[in-house]
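The structure appears below as structure tokens.
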Amino acid sequence: QIKLIRTPDDVAYCKCRLRADLLCADSQRGVYLEVDVVSNPDNLSLAVVDFESGGRSSVTFSPDTGAVIREKKLQESPRKVQGAYIQPLTTTRPGRKFEGIIGVCIFSGQLAFFRRCTVTEDETSETPQAERGELGPWECTGFITDLSWSEGQRLTPCLAFRDDGNYKVRISRLSPDPPFEPSRSQAAFEGSSWSALNWEAEAVEVEQ
């Protein structure tokens with residue numbers, strides 16, 4: 001369980017490793033990892049990366065925006081990243097920090113993310129009082145990408161925290177079965193549905 005993040009832009013890598021070769025398109029095998037977000041003072045994301053196998057790529061889900069981002073680091077210094085994003089789910093309410101459940105599912109070489117938001121006290125008046133503070137319905141991005149972006153056979157799930165602060169986050173489930181079977185997002189597998197998200201850090205000159 002993660003209770004405290006001391007530095008901004010910190011990343012917590014899961015101890016488990018996922019074998020991309022065993023979860024390939026012909027495998028008919030799957031794995032689902034679920035994370036409970038009980039307290040969140042700022043912003044966090046759930047990602048899968050290939051760094052341990054020497055790769056430089058990641059697929060990240062932002063539960064606040066509902067967007068999925070693919071990134072590949074092309075250059076370390078100055079940092080240059082090539083990326084693209086798609087938004088299969090709606091954003092949460094403005095100013096609201098995500099709390100609830102997020103999950104990632106890999107099955108037969110395809111990847112999907114899940115989200116289940118906590119219904120808070122400040123929700124609309126149509127929400128019955130007894131249901132406020134409880135979990136809303138499951139939402140899913142659908143299978144949104146294959147594993148062709150991975151350069152190695154080992155994938156690592158991780159949590160990225162934008163700011164420091166007191167969190168309460170824990171992995172609550174690791175199972176072959178997601179909440180329900182995702183459908184394949186045809187739009188996501190069409191390249192035109194992704195928007196470019198490339199950025200490059202400015203080189204810093206050091207005076208002698």
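Letters A, B, ... go to the chains of the structure tokens in the order shown; residues in each chain start at 1; ligands are counted from 1 in the same order.
Look at region 138-146 of chain A: the protein and nucleic acid residues within 6 Å of it, using only C-alpha atoms and passing over chain neighbours fewer than 6 places away, are Pro88, Gly109, Gln110, Leu111, Ala112, Phe113, Phe114, Arg115, Arg116, Pro182, Ser183, Arg184, Ser185 and Ala188 of chain A.
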Check: Which residues, written as a PyMOL selection string, have at least one atom at most 7 Å from region 160-164 of chain A, with only C-alpha atoms counted and residues fewer than 5 positions away on the same chain left out?
Finding: chain A and resi 5-12+42-46
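The closest residue to Thr60 (chain A), picked from A:Thr92, A:Ser175, A:Ser193, A:Thr156 and counting only C-alpha atoms, is A:Thr156.
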Next item on the list: Grab the CA of Leu33 (chain A) to CA of Pro94 (chain A) distance for me, in Å with one decimal place.
Entry: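 Between CA of Leu33 (chain A) and CA of Pro94 (chain A) the gap is 27.1 Å.
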Check: Pick the closest to Asp50 (chain A) from A:Arg79, A:Arg17, A:Lys97, A:Lys3: which is it, counting only C-alpha atoms?
Finding: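 The answer is A:Arg17, which sits nearest to Asp50 (chain A).
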Next item on the list: Would you list the contacts of Glu151 (chain A) as a list in words, taking every protein, DNA or RNA residue within 9 Å and counting only C-alpha atoms, but skipping same-chain residues closer than 3 positions in sequence?
Entry: Asp50, Phe51, Ser53, Gly54, Gly55, Arg56, Ser57, Leu147, Ser148 and Arg154 of chain A
Write out, as an mmCIF file, in the first residue's frame, the residues just selected, with all heavy atoms.
data_model
loop_
_atom_site.group_PDB
_atom_site.id
_atom_site.type_symbol
_atom_site.label_atom_id
_atom_site.label_comp_id
_atom_site.auth_asym_id
_atom_site.auth_seq_id
_atom_site.Cartn_x
_atom_site.Cartn_y
_atom_site.Cartn_z
ATOM 1 N N ASP A 50 7.788 -1.201 -20.851
ATOM 2 C CA ASP A 50 8.691 -2.286 -21.259
ATOM 3 C C ASP A 50 10.135 -1.992 -20.885
ATOM 4 O O ASP A 50 11.068 -2.540 -21.486
ATOM 5 C CB ASP A 50 8.576 -2.537 -22.767
ATOM 6 C CG ASP A 50 9.086 -1.366 -23.616
ATOM 7 O OD1 ASP A 50 9.381 -0.291 -23.046
ATOM 8 O OD2 ASP A 50 9.175 -1.525 -24.844
ATOM 9 N N PHE A 51 10.347 -1.147 -19.897
ATOM 10 C CA PHE A 51 11.689 -0.660 -19.562
ATOM 11 C C PHE A 51 12.642 -1.778 -19.129
ATOM 12 O O PHE A 51 13.827 -1.730 -19.425
ATOM 13 C CB PHE A 51 11.618 0.382 -18.447
ATOM 14 C CG PHE A 51 10.751 1.575 -18.774
ATOM 15 C CD1 PHE A 51 10.248 2.381 -17.766
ATOM 16 C CD2 PHE A 51 10.432 1.893 -20.082
ATOM 17 C CE1 PHE A 51 9.456 3.480 -18.053
ATOM 18 C CE2 PHE A 51 9.632 2.981 -20.393
ATOM 19 C CZ PHE A 51 9.148 3.777 -19.366
ATOM 20 N N SER A 53 13.039 -4.719 -20.110
ATOM 21 C CA SER A 53 13.616 -5.481 -21.225
ATOM 22 C C SER A 53 14.458 -4.609 -22.140
ATOM 23 O O SER A 53 14.831 -5.022 -23.236
ATOM 24 C CB SER A 53 12.495 -6.146 -22.032
ATOM 25 O OG SER A 53 11.799 -7.082 -21.242
ATOM 26 N N GLY A 54 14.734 -3.380 -21.698
ATOM 27 C CA GLY A 54 15.550 -2.484 -22.496
ATOM 28 C C GLY A 54 14.766 -1.592 -23.424
ATOM 29 O O GLY A 54 15.345 -0.838 -24.206
ATOM 30 N N GLY A 55 13.439 -1.651 -23.354
ATOM 31 C CA GLY A 55 12.609 -0.805 -24.198
ATOM 32 C C GLY A 55 12.462 0.600 -23.632
ATOM 33 O O GLY A 55 12.919 0.902 -22.524
ATOM 34 N N ARG A 56 11.768 1.446 -24.375
ATOM 35 C CA ARG A 56 11.566 2.838 -23.963
ATOM 36 C C ARG A 56 10.118 3.270 -24.168
ATOM 37 O O ARG A 56 9.842 4.448 -24.368
ATOM 38 C CB ARG A 56 12.490 3.758 -24.766
ATOM 39 C CG ARG A 56 13.978 3.522 -24.529
ATOM 40 C CD ARG A 56 14.809 4.540 -25.299
ATOM 41 N NE ARG A 56 16.224 4.461 -24.954
ATOM 42 C CZ ARG A 56 17.148 5.327 -25.375
ATOM 43 N NH1 ARG A 56 16.780 6.334 -26.163
ATOM 44 N NH2 ARG A 56 18.399 5.197 -25.022
ATOM 45 N N SER A 57 9.200 2.317 -24.135
ATOM 46 C CA SER A 57 7.817 2.606 -24.485
ATOM 47 C C SER A 57 6.865 2.342 -23.328
ATOM 48 O O SER A 57 7.162 1.569 -22.410
ATOM 49 C CB SER A 57 7.390 1.770 -25.696
ATOM 50 O OG SER A 57 8.208 2.046 -26.816
ATOM 51 N N LEU A 147 0.185 -5.441 -28.424
ATOM 52 C CA LEU A 147 1.459 -5.332 -27.702
ATOM 53 C C LEU A 147 2.636 -5.089 -28.638
ATOM 54 O O LEU A 147 3.791 -5.257 -28.242
ATOM 55 C CB LEU A 147 1.704 -6.603 -26.874
ATOM 56 C CG LEU A 147 0.633 -6.946 -25.826
ATOM 57 C CD1 LEU A 147 1.020 -8.216 -25.076
ATOM 58 C CD2 LEU A 147 0.414 -5.798 -24.859
ATOM 59 N N SER A 148 2.350 -4.646 -29.850
ATOM 60 C CA SER A 148 3.432 -4.425 -30.823
ATOM 61 C C SER A 148 4.363 -3.284 -30.420
ATOM 62 O O SER A 148 5.488 -3.195 -30.912
ATOM 63 C CB SER A 148 2.837 -4.149 -32.207
ATOM 64 O OG SER A 148 2.008 -3.000 -32.173
ATOM 65 N N ARG A 154 9.117 -8.660 -21.333
ATOM 66 C CA ARG A 154 8.658 -8.392 -19.973
ATOM 67 C C ARG A 154 7.991 -7.025 -19.887
ATOM 68 O O ARG A 154 8.574 -6.012 -20.261
ATOM 69 C CB ARG A 154 9.829 -8.450 -18.989
ATOM 70 C CG ARG A 154 10.339 -9.852 -18.732
ATOM 71 C CD ARG A 154 11.243 -9.878 -17.516
ATOM 72 N NE ARG A 154 11.656 -11.217 -17.172
ATOM 73 C CZ ARG A 154 12.288 -11.542 -16.052
ATOM 74 N NH1 ARG A 154 12.582 -10.595 -15.176
ATOM 75 N NH2 ARG A 154 12.633 -12.786 -15.809
#
Next item on the list: Tell me, as a ChimeraX atom specification, which residues lie within 10 Å of Gly83 (chain A), counting only C-alpha atoms; anything in the same chain fewer than 4 positions away does not count.
Entry: /A:57-59,69-73,194-199
Item checked: A:Ile2, A:Ile86, A:Ile102, A:Val35 ranked by distance to Glu190 (chain A), top pick (using only C-alpha atoms) ->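 Of the candidates, the smallest distance to Glu190 (chain A) is held by A:Ile86.
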